[in-house]
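Shown next: upload.tsv, given as TSV, C-alpha atoms.
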```
chain	number	residue	atom	x	y	z
P	592	MET	CA	-8.14	-23.17	-11.59
P	593	ASN	CA	-8.15	-19.42	-10.93
P	594	ASP	CA	-6.19	-17.25	-13.33
P	595	ILE	CA	-5.51	-13.97	-11.54
P	596	ASP	CA	-2.62	-12.66	-13.57
P	597	GLY	CA	0.30	-12.18	-11.26
P	598	GLY	CA	2.39	-11.08	-14.19
P	599	SER	CA	6.13	-11.21	-14.63
P	600	ALA	CA	9.04	-8.89	-14.06
P	601	GLU	CA	9.44	-8.43	-17.83
P	602	ARG	CA	6.09	-6.84	-18.58
P	603	ILE	CA	4.65	-3.52	-17.48
P	604	VAL	CA	2.48	-3.68	-14.35
P	605	ASP	CA	0.18	-0.70	-13.89
P	606	LEU	CA	-1.38	-1.89	-10.63
P	607	ASP	CA	0.21	-3.80	-7.75
P	608	VAL	CA	-2.30	-5.32	-5.33
P	609	VAL	CA	-0.83	-6.24	-1.93
P	610	ILE	CA	-2.62	-8.62	0.45
P	611	VAL	CA	-1.01	-9.40	3.81
P	612	THR	CA	-2.20	-12.69	5.32
P	613	TYR	CA	-2.09	-14.46	8.65
P	614	GLY	CA	-4.37	-17.49	8.70
P	615	ARG	CA	-7.98	-17.77	7.54
P	616	SER	CA	-7.27	-19.35	4.17
P	617	ASP	CA	-11.03	-19.38	3.51
P	618	LEU	CA	-11.16	-15.59	3.59
P	619	VAL	CA	-8.00	-15.25	1.52
P	620	ARG	CA	-9.47	-17.56	-1.12
P	621	GLU	CA	-12.68	-15.52	-1.31
P	622	CYS	CA	-10.70	-12.28	-1.53
P	623	LEU	CA	-8.58	-13.58	-4.41
P	624	ASP	CA	-11.66	-14.99	-6.16
P	625	SER	CA	-13.33	-11.59	-5.93
P	626	LEU	CA	-10.26	-9.96	-7.44
P	627	GLU	CA	-10.49	-12.35	-10.38
P	628	SER	CA	-14.13	-11.34	-10.91
P	629	ALA	CA	-13.33	-7.66	-10.47
P	630	LYS	CA	-10.00	-7.63	-12.33
P	631	PRO	CA	-9.43	-4.12	-13.75
P	632	ARG	CA	-8.67	-3.34	-17.36
P	633	ILE	CA	-5.05	-2.34	-16.74
P	634	PRO	CA	-2.19	-4.85	-16.24
P	635	ILE	CA	-2.20	-6.10	-12.66
P	636	ARG	CA	0.10	-8.03	-10.36
P	637	VAL	CA	-1.32	-9.56	-7.17
P	638	SER	CA	1.08	-10.20	-4.29
P	639	VAL	CA	0.27	-12.15	-1.15
P	640	VAL	CA	2.71	-11.60	1.71
P	641	ASP	CA	2.11	-14.28	4.31
P	642	ASN	CA	3.19	-13.57	7.89
P	643	ASN	CA	3.93	-17.19	8.81
P	644	SER	CA	0.29	-18.34	8.92
P	645	PRO	CA	-0.50	-21.15	11.37
P	646	ASP	CA	-2.76	-22.81	8.77
P	647	ASP	CA	-2.53	-23.77	5.08
P	648	THR	CA	-2.91	-20.22	3.72
P	649	PRO	CA	0.38	-20.04	1.78
P	650	ALA	CA	-0.04	-23.59	0.44
P	651	MET	CA	-3.59	-22.77	-0.67
P	652	VAL	CA	-2.44	-19.63	-2.48
P	653	GLU	CA	0.38	-21.51	-4.17
P	654	ARG	CA	-1.92	-24.36	-5.21
P	655	GLU	CA	-5.06	-22.51	-6.26
P	656	PHE	CA	-3.67	-19.17	-7.47
P	657	PRO	CA	-0.38	-20.02	-9.23
P	658	ASN	CA	-0.18	-16.61	-10.92
P	659	VAL	CA	-0.22	-14.75	-7.62
P	660	LEU	CA	3.20	-13.71	-6.36
P	661	LEU	CA	3.56	-15.35	-2.95
P	662	THR	CA	6.07	-14.22	-0.34
P	663	ARG	CA	6.43	-16.50	2.69
P	664	ARG	CA	7.79	-14.72	5.73
P	665	SER	CA	9.38	-16.70	8.56
P	666	GLY	CA	7.73	-14.62	11.28
P	667	ASN	CA	4.97	-12.10	11.90
P	668	ASP	CA	6.50	-8.65	12.04
P	669	GLY	CA	3.18	-6.91	11.51
P	670	PHE	CA	1.04	-5.33	8.83
P	671	ALA	CA	3.32	-2.42	7.91
P	672	VAL	CA	6.48	-4.52	7.53
P	673	ALA	CA	4.72	-7.06	5.31
P	674	ASN	CA	3.13	-4.46	3.03
P	675	ASN	CA	6.44	-2.66	2.69
P	676	VAL	CA	7.96	-5.81	1.16
P	677	VAL	CA	5.98	-4.97	-1.98
P	678	LEU	CA	5.73	-1.19	-1.59
P	679	ARG	CA	9.50	-0.79	-1.61
P	680	GLU	CA	10.02	-2.67	-4.86
P	681	SER	CA	6.86	-1.74	-6.79
P	682	ALA	CA	7.28	0.24	-9.99
P	683	ALA	CA	3.58	0.12	-10.87
P	684	ALA	CA	1.66	3.32	-11.55
P	685	TYR	CA	-0.72	2.47	-8.71
P	686	VAL	CA	-0.65	0.26	-5.61
P	687	LEU	CA	-3.71	-1.13	-3.83
P	688	LEU	CA	-3.41	-2.25	-0.21
P	689	LEU	CA	-6.18	-4.77	0.33
P	690	ASN	CA	-7.13	-6.67	3.48
P	691	PRO	CA	-7.63	-10.44	3.16
P	692	ASP	CA	-11.12	-10.10	4.64
P	693	THR	CA	-12.34	-7.88	1.79
P	694	ARG	CA	-14.34	-8.60	-1.35
P	695	VAL	CA	-13.94	-6.34	-4.37
P	696	GLU	CA	-16.89	-5.48	-6.59
P	697	PRO	CA	-16.49	-5.40	-10.42
P	698	GLY	CA	-15.83	-1.87	-11.66
P	699	THR	CA	-14.67	-0.46	-8.33
P	700	ILE	CA	-10.93	-0.49	-9.06
P	701	ASP	CA	-11.43	0.76	-12.63
P	702	HIS	CA	-13.54	3.68	-11.42
P	703	LEU	CA	-11.04	4.72	-8.75
P	704	ILE	CA	-8.12	4.55	-11.16
P	705	GLU	CA	-10.08	6.75	-13.57
P	706	VAL	CA	-10.43	9.29	-10.74
P	707	LEU	CA	-6.68	9.19	-10.10
P	708	GLU	CA	-5.97	9.58	-13.82
P	709	ARG	CA	-8.27	12.61	-13.98
P	710	GLU	CA	-7.35	14.31	-10.69
P	711	THR	CA	-3.58	14.22	-10.54
P	712	ASP	CA	-3.32	15.85	-7.11
P	713	VAL	CA	-5.06	12.90	-5.43
P	714	GLY	CA	-2.43	10.71	-3.81
P	715	MET	CA	-4.71	8.17	-2.13
P	716	ILE	CA	-8.31	7.11	-2.61
P	717	GLY	CA	-10.67	4.72	-0.84
P	718	CYS	CA	-14.20	3.53	-1.51
P	719	ARG	CA	-17.37	2.86	0.48
P	720	LEU	CA	-16.94	-0.28	2.59
P	721	LEU	CA	-19.81	-2.54	3.61
P	722	THR	CA	-19.52	-4.94	6.54
P	723	ALA	CA	-20.68	-8.56	6.55
P	724	ASP	CA	-24.30	-7.62	7.31
P	725	GLY	CA	-24.38	-4.94	4.61
P	726	SER	CA	-24.08	-1.99	6.97
P	727	PRO	CA	-21.52	0.77	6.28
P	728	ASP	CA	-18.04	0.53	7.72
P	729	HIS	CA	-17.91	4.10	8.98
P	730	ALA	CA	-14.13	3.97	9.30
P	731	ALA	CA	-13.94	4.20	5.50
P	732	LYS	CA	-14.00	8.00	5.91
P	733	ARG	CA	-12.37	9.48	8.97
P	734	SER	CA	-11.04	12.64	10.49
P	735	ILE	CA	-7.80	12.66	12.43
P	736	PRO	CA	-8.91	12.27	16.05
P	737	THR	CA	-8.44	14.97	18.62
P	738	LEU	CA	-8.55	14.24	22.33
P	739	SER	CA	-12.24	15.19	22.48
P	740	THR	CA	-13.36	13.31	19.34
P	741	ALA	CA	-11.40	10.22	20.38
P	742	ALA	CA	-12.99	10.25	23.83
P	743	HIS	CA	-16.44	10.71	22.29
P	744	TYR	CA	-15.82	7.90	19.81
P	745	PHE	CA	-14.77	5.38	22.47
P	746	LEU	CA	-17.65	6.40	24.72
P	747	LEU	CA	-20.16	5.76	21.95
P	748	ARG	CA	-18.50	2.42	21.15
P	749	ALA	CA	-18.78	1.40	24.79
P	750	LEU	CA	-22.50	2.20	24.56
P	751	GLY	CA	-22.85	0.24	21.33
P	752	ARG	CA	-23.48	3.35	19.23
P	753	THR	CA	-21.75	5.26	16.43
P	754	GLY	CA	-21.83	8.86	15.25
P	755	SER	CA	-18.65	10.48	16.53
P	756	ALA	CA	-17.12	13.21	14.38
P	757	TYR	CA	-14.12	10.89	14.05
P	758	VAL	CA	-16.03	8.80	11.47
P	759	ARG	CA	-17.33	11.85	9.57
P	760	PRO	CA	-21.11	11.54	9.92
P	761	ASP	CA	-21.31	14.84	8.02
P	762	ILE	CA	-20.29	12.99	4.81
P	763	THR	CA	-23.01	10.73	3.46
P	764	ASP	CA	-21.95	7.20	2.59
P	765	ASP	CA	-22.50	7.54	-1.18
P	766	THR	CA	-20.78	10.89	-1.65
P	767	VAL	CA	-17.29	11.86	-2.84
P	768	ALA	CA	-15.20	14.08	-0.57
P	769	ASP	CA	-11.71	14.90	0.61
P	770	VAL	CA	-11.12	13.36	4.03
P	771	ASP	CA	-8.35	13.18	6.58
P	772	ALA	CA	-8.08	9.40	6.24
P	773	VAL	CA	-9.52	6.33	4.55
P	774	ASN	CA	-9.47	2.74	5.80
P	775	GLY	CA	-6.35	0.59	5.53
P	776	ALA	CA	-8.52	-2.31	4.35
P	777	PHE	CA	-8.70	-0.64	0.91
P	778	MET	CA	-6.17	2.06	0.05
P	779	LEU	CA	-5.35	2.83	-3.59
P	780	VAL	CA	-2.26	5.04	-3.89
P	781	ARG	CA	-0.41	6.79	-6.68
P	782	ARG	CA	3.23	5.74	-7.16
P	783	GLU	CA	4.49	9.34	-7.44
P	784	ALA	CA	2.90	10.09	-4.08
P	785	LEU	CA	4.27	6.89	-2.57
P	786	ALA	CA	7.76	7.78	-3.77
P	787	GLU	CA	7.49	11.18	-2.10
P	788	VAL	CA	5.79	10.11	1.15
P	789	GLY	CA	7.56	6.79	1.66
P	790	PRO	CA	6.23	3.40	2.80
P	791	LEU	CA	4.24	2.58	5.91
P	792	ASP	CA	5.83	3.37	9.27
P	793	GLU	CA	7.08	0.02	10.60
P	794	ARG	CA	6.96	1.20	14.19
P	795	TYR	CA	3.26	0.38	14.02
P	796	TRP	CA	2.89	-3.39	14.24
P	797	MET	CA	-0.82	-3.12	13.48
P	798	TYR	CA	-3.48	-0.38	13.80
P	799	ALA	CA	-3.07	3.36	13.13
P	800	GLU	CA	-0.44	2.81	10.43
P	801	ASP	CA	-3.15	3.74	7.90
P	802	LEU	CA	-4.02	6.94	9.80
P	803	ASP	CA	-0.33	7.79	10.05
P	804	TRP	CA	0.16	7.22	6.31
P	805	CYS	CA	-2.83	9.42	5.44
P	806	VAL	CA	-1.50	12.22	7.64
P	807	ARG	CA	1.87	11.99	5.89
P	808	PHE	CA	0.24	12.05	2.44
P	809	ARG	CA	-1.72	15.18	3.33
P	810	ASN	CA	1.25	16.86	5.00
P	811	THR	CA	3.20	16.34	1.78
P	812	GLY	CA	0.47	18.07	-0.22
P	813	TRP	CA	-1.41	15.07	-1.63
P	814	ARG	CA	-5.19	14.83	-1.37
P	815	VAL	CA	-6.82	11.86	0.35
P	816	VAL	CA	-10.26	11.14	-1.12
P	817	TYR	CA	-13.23	9.01	-0.13
P	818	ASP	CA	-15.38	7.92	-3.09
P	819	GLY	CA	-18.66	6.44	-1.90
P	820	SER	CA	-20.03	5.92	-5.40
P	821	VAL	CA	-18.35	2.48	-5.59
P	822	ILE	CA	-18.05	-0.24	-2.97
P	823	ALA	CA	-16.03	-3.10	-1.58
P	824	HIS	CA	-16.97	-5.44	1.27
P	825	HIS	CA	-15.03	-5.59	4.53
P	826	LEU	CA	-15.81	-8.44	6.92
P	827	LYS	CA	-13.87	-6.62	9.69
P	828	GLY	CA	-11.81	-8.65	12.11
P	829	GLY	CA	-12.10	-11.86	10.15
P	830	SER	CA	-8.33	-12.18	9.95
P	831	SER	CA	-7.57	-10.89	13.45
P	832	SER	CA	-9.77	-12.98	15.73
P	833	GLY	CA	-9.04	-15.97	17.92
P	834	PRO	CA	-6.19	-16.50	20.40
P	835	ARG	CA	-4.31	-13.38	19.24
P	836	ARG	CA	-7.03	-11.10	20.65
P	837	VAL	CA	-5.08	-10.01	23.75
P	838	PRO	CA	-1.83	-9.29	21.84
P	839	LEU	CA	-3.88	-7.38	19.25
P	840	ASN	CA	-5.53	-5.39	22.02
P	841	TYR	CA	-2.05	-4.51	23.30
P	842	GLN	CA	-0.91	-3.49	19.81
P	843	PHE	CA	-4.03	-1.35	19.33
P	844	HIS	CA	-3.30	0.70	22.43
P	845	ARG	CA	0.42	0.83	21.70
P	846	SER	CA	-0.40	2.25	18.25
P	847	MET	CA	-2.77	4.79	19.79
P	848	ALA	CA	0.03	6.04	22.04
P	849	LEU	CA	2.53	6.11	19.18
P	850	PHE	CA	0.14	8.00	16.90
P	851	TYR	CA	-0.61	10.54	19.60
P	852	LEU	CA	3.06	11.20	20.30
P	853	ARG	CA	3.88	11.52	16.62
P	854	HIS	CA	0.96	13.66	15.40
P	855	LEU	CA	-1.06	15.07	18.31
P	856	ARG	CA	1.56	15.91	20.92
P	857	SER	CA	0.70	19.00	22.95
P	858	ARG	CA	2.99	21.76	24.14
P	859	SER	CA	2.84	20.37	27.65
P	860	VAL	CA	4.90	17.36	28.75
P	861	VAL	CA	2.48	16.88	31.63
P	862	VAL	CA	-0.52	16.66	29.26
P	863	ASP	CA	1.32	14.20	27.02
P	864	VAL	CA	2.22	11.98	29.97
P	865	LEU	CA	-1.39	12.03	31.17
P	866	VAL	CA	-2.75	11.18	27.73
P	867	VAL	CA	-0.38	8.25	27.26
P	868	ALA	CA	-1.16	7.07	30.79
P	869	ALA	CA	-4.88	7.24	30.00
P	870	ILE	CA	-4.36	5.14	26.86
P	871	TRP	CA	-2.57	2.42	28.82
P	872	SER	CA	-5.14	2.64	31.61
P	873	ARG	CA	-7.82	1.97	29.02
P	874	PHE	CA	-5.84	-1.06	27.90
P	875	GLY	CA	-5.70	-2.36	31.47
P	876	VAL	CA	-9.44	-1.89	31.96
P	877	SER	CA	-10.21	-3.64	28.66
P	878	VAL	CA	-8.07	-6.64	29.66
P	879	VAL	CA	-9.93	-6.96	32.98
P	880	VAL	CA	-13.34	-6.56	31.33
P	881	ASN	CA	-12.53	-9.13	28.65
P	882	ALA	CA	-11.26	-11.61	31.27
P	883	MET	CA	-14.42	-11.16	33.33
P	884	SER	CA	-16.56	-11.62	30.24
P	885	ARG	CA	-14.78	-14.86	29.35
P	886	GLY	CA	-15.13	-16.10	32.91
P	887	ALA	CA	-18.85	-15.34	32.93
P	888	GLY	CA	-19.20	-17.18	29.62
P	889	ARG	CA	-17.51	-20.28	31.02
P	890	LEU	CA	-19.75	-20.20	34.10
P	891	ARG	CA	-22.85	-20.00	31.92
P	892	ALA	CA	-21.59	-22.96	29.88
P	893	VAL	CA	-21.03	-25.00	33.05
P	894	ALA	CA	-24.50	-24.10	34.34
P	895	VAL	CA	-26.15	-25.07	31.07
P	896	GLY	CA	-24.25	-28.37	31.03
P	897	ALA	CA	-25.29	-29.13	34.59
P	898	HIS	CA	-28.97	-28.73	33.71
P	899	ALA	CA	-28.76	-30.57	30.38
```
Would you put the structure from the file into structure tokens?
Amino acid sequence: MNDIDGGSAERIVDLDVVIVTYGRSDLVRECLDSLESAKPRIPIRVSVVDNNSPDDTPAMVEREFPNVLLTRRSGNDGFAVANNVVLRESAAAYVLLLNPDTRVEPGTIDHLIEVLERETDVGMIGCRLLTADGSPDHAAKRSIPTLSTAAHYFLLRALGRTGSAYVRPDITDDTVADVDAVNGAFMLVRREALAEVGPLDERYWMYAEDLDWCVRFRNTGWRVVYDGSVIAHHLKGGSSSGPRRVPLNYQFHRSMALFYLRHLRSRSVVVDVLVVAAIWSRFGVSVVVNAMSRGAGRLRAVAVGAHA
């Protein structure tokens, strides 16, 4: 039996950890197990907000982690809405937004809280993230994209490369630096800053809500810091794969358009219309390319079967 201490309403909670789930109970179990191994020294409450998982995720949490506070939602209203269930009622000194496809290393949370205790103008902090193969998740430290950096980033991705200024190649992975944004997979925030900035913007169903939040923190005068001296692991996409891929692709481009119109709007209506049109054109192209790729895969499978 795991004994992550979910706590009670009567005692002081210094850290609220929020994990939003949709399926993949295996990943959720590993995430919660890692939290038990990496439990910080301060009082902690772990909340799982389940967005109506199609598998046994909520039952598994209830059965194997009885001290975790489980919220079962009747539908899937997205990442921001689910996180805000806890963010709006938390009175903890700190709140950690944690993806279900992450693994926390011992000492990481303690170290980051020590930084927040020492540097009181830091409103949000993230750590170095390593992907499943041990390579860096470069999105752990980001700049707010401009039209040129976004175009460069997507071009490099299409070529299977990285290095755009969007993911801050000028900041080495193990350094500590102020950044425009950290990754929503691991965001530790100060309650005073949260109270001033407000919760996640629920207009974003998924994607870009973390960028939007970081912009709002910085615009309100709070520092956003990347601390590469400690790590967590981020499987990336482990909880967003499968039959939802096309809807997620739609939500990704919708969030891109929303973020642009909220934070990067130009002084020209014509330019804004062209940019938004380009975003949706990219969505259309990606749908066609993905469909062609799936079709080619099925043809290869048929050909292999015919020669078996």
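Taking CA of Gly819 (chain P) and CA of Glu783 (chain P) as endpoints, the distance between them is 24.0 Å.
Pairwise distance (CA of Asp792 (chain P), CA of Val672 (chain P)) equals 8.1 Å.
For the residues P:Thr693, P:Asn674, P:Val713, P:Arg853, ranking by smallest atom-to-atom distance to Thr811 (chain P) using all atoms listed in the file places P:Val713 first.
The space separating CA of Ser820 (chain P) from CA of Glu708 (chain P) comes to 16.8 Å.
Each of P:Ser726, P:Thr766, P:Thr711, P:Asn840 was checked against Ala784 (chain P) using all atoms listed in the file; the smallest atom-to-atom distance is that of P:Thr711.
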For this session: Would you kindly return, as a ChimeraX atom specification, each protein, DNA or RNA residue with an atom no farther than 9 Å from any atom of Tyr613 (chain P), considering only C-alpha atoms and excluding same-chain residues fewer than 3 positions away?
Result: /P:616,640-646,648,667,691,830-831
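Nearest to Tyr798 (chain P) of all the residues P:Ser681, P:Thr722, P:Ser846, P:Ser857 is P:Ser846, based on only C-alpha atoms.
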For this session: Go through P:Arg807, P:Arg873, P:Arg663, P:Arg709 one by one, measure the shortest atom-to-atom distance of each to Phe843 (chain P) using only C-alpha atoms, and give the residue with the smallest value.
Result: P:Arg873
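Residue nearest Phe670 (chain P) within the list P:Val695, P:Ile610, P:Leu687, P:Ile822: P:Ile610 [criterion: smallest interatomic distance, all atoms listed in the file].
Each of P:Val706, P:Ala768, P:Ala799, P:Val788 was compared to Ala671 (chain P) using all atoms listed in the file, and P:Ala799 turns out to be the nearest.
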For this session: Write out as a PyMOL selection string each polymer residue whose atoms come within 10 Å of Asp724 (chain P), counting only C-alpha atoms; drop sequence neighbours fewer than 5 positions from it.
Result: chain P and resi 824-826
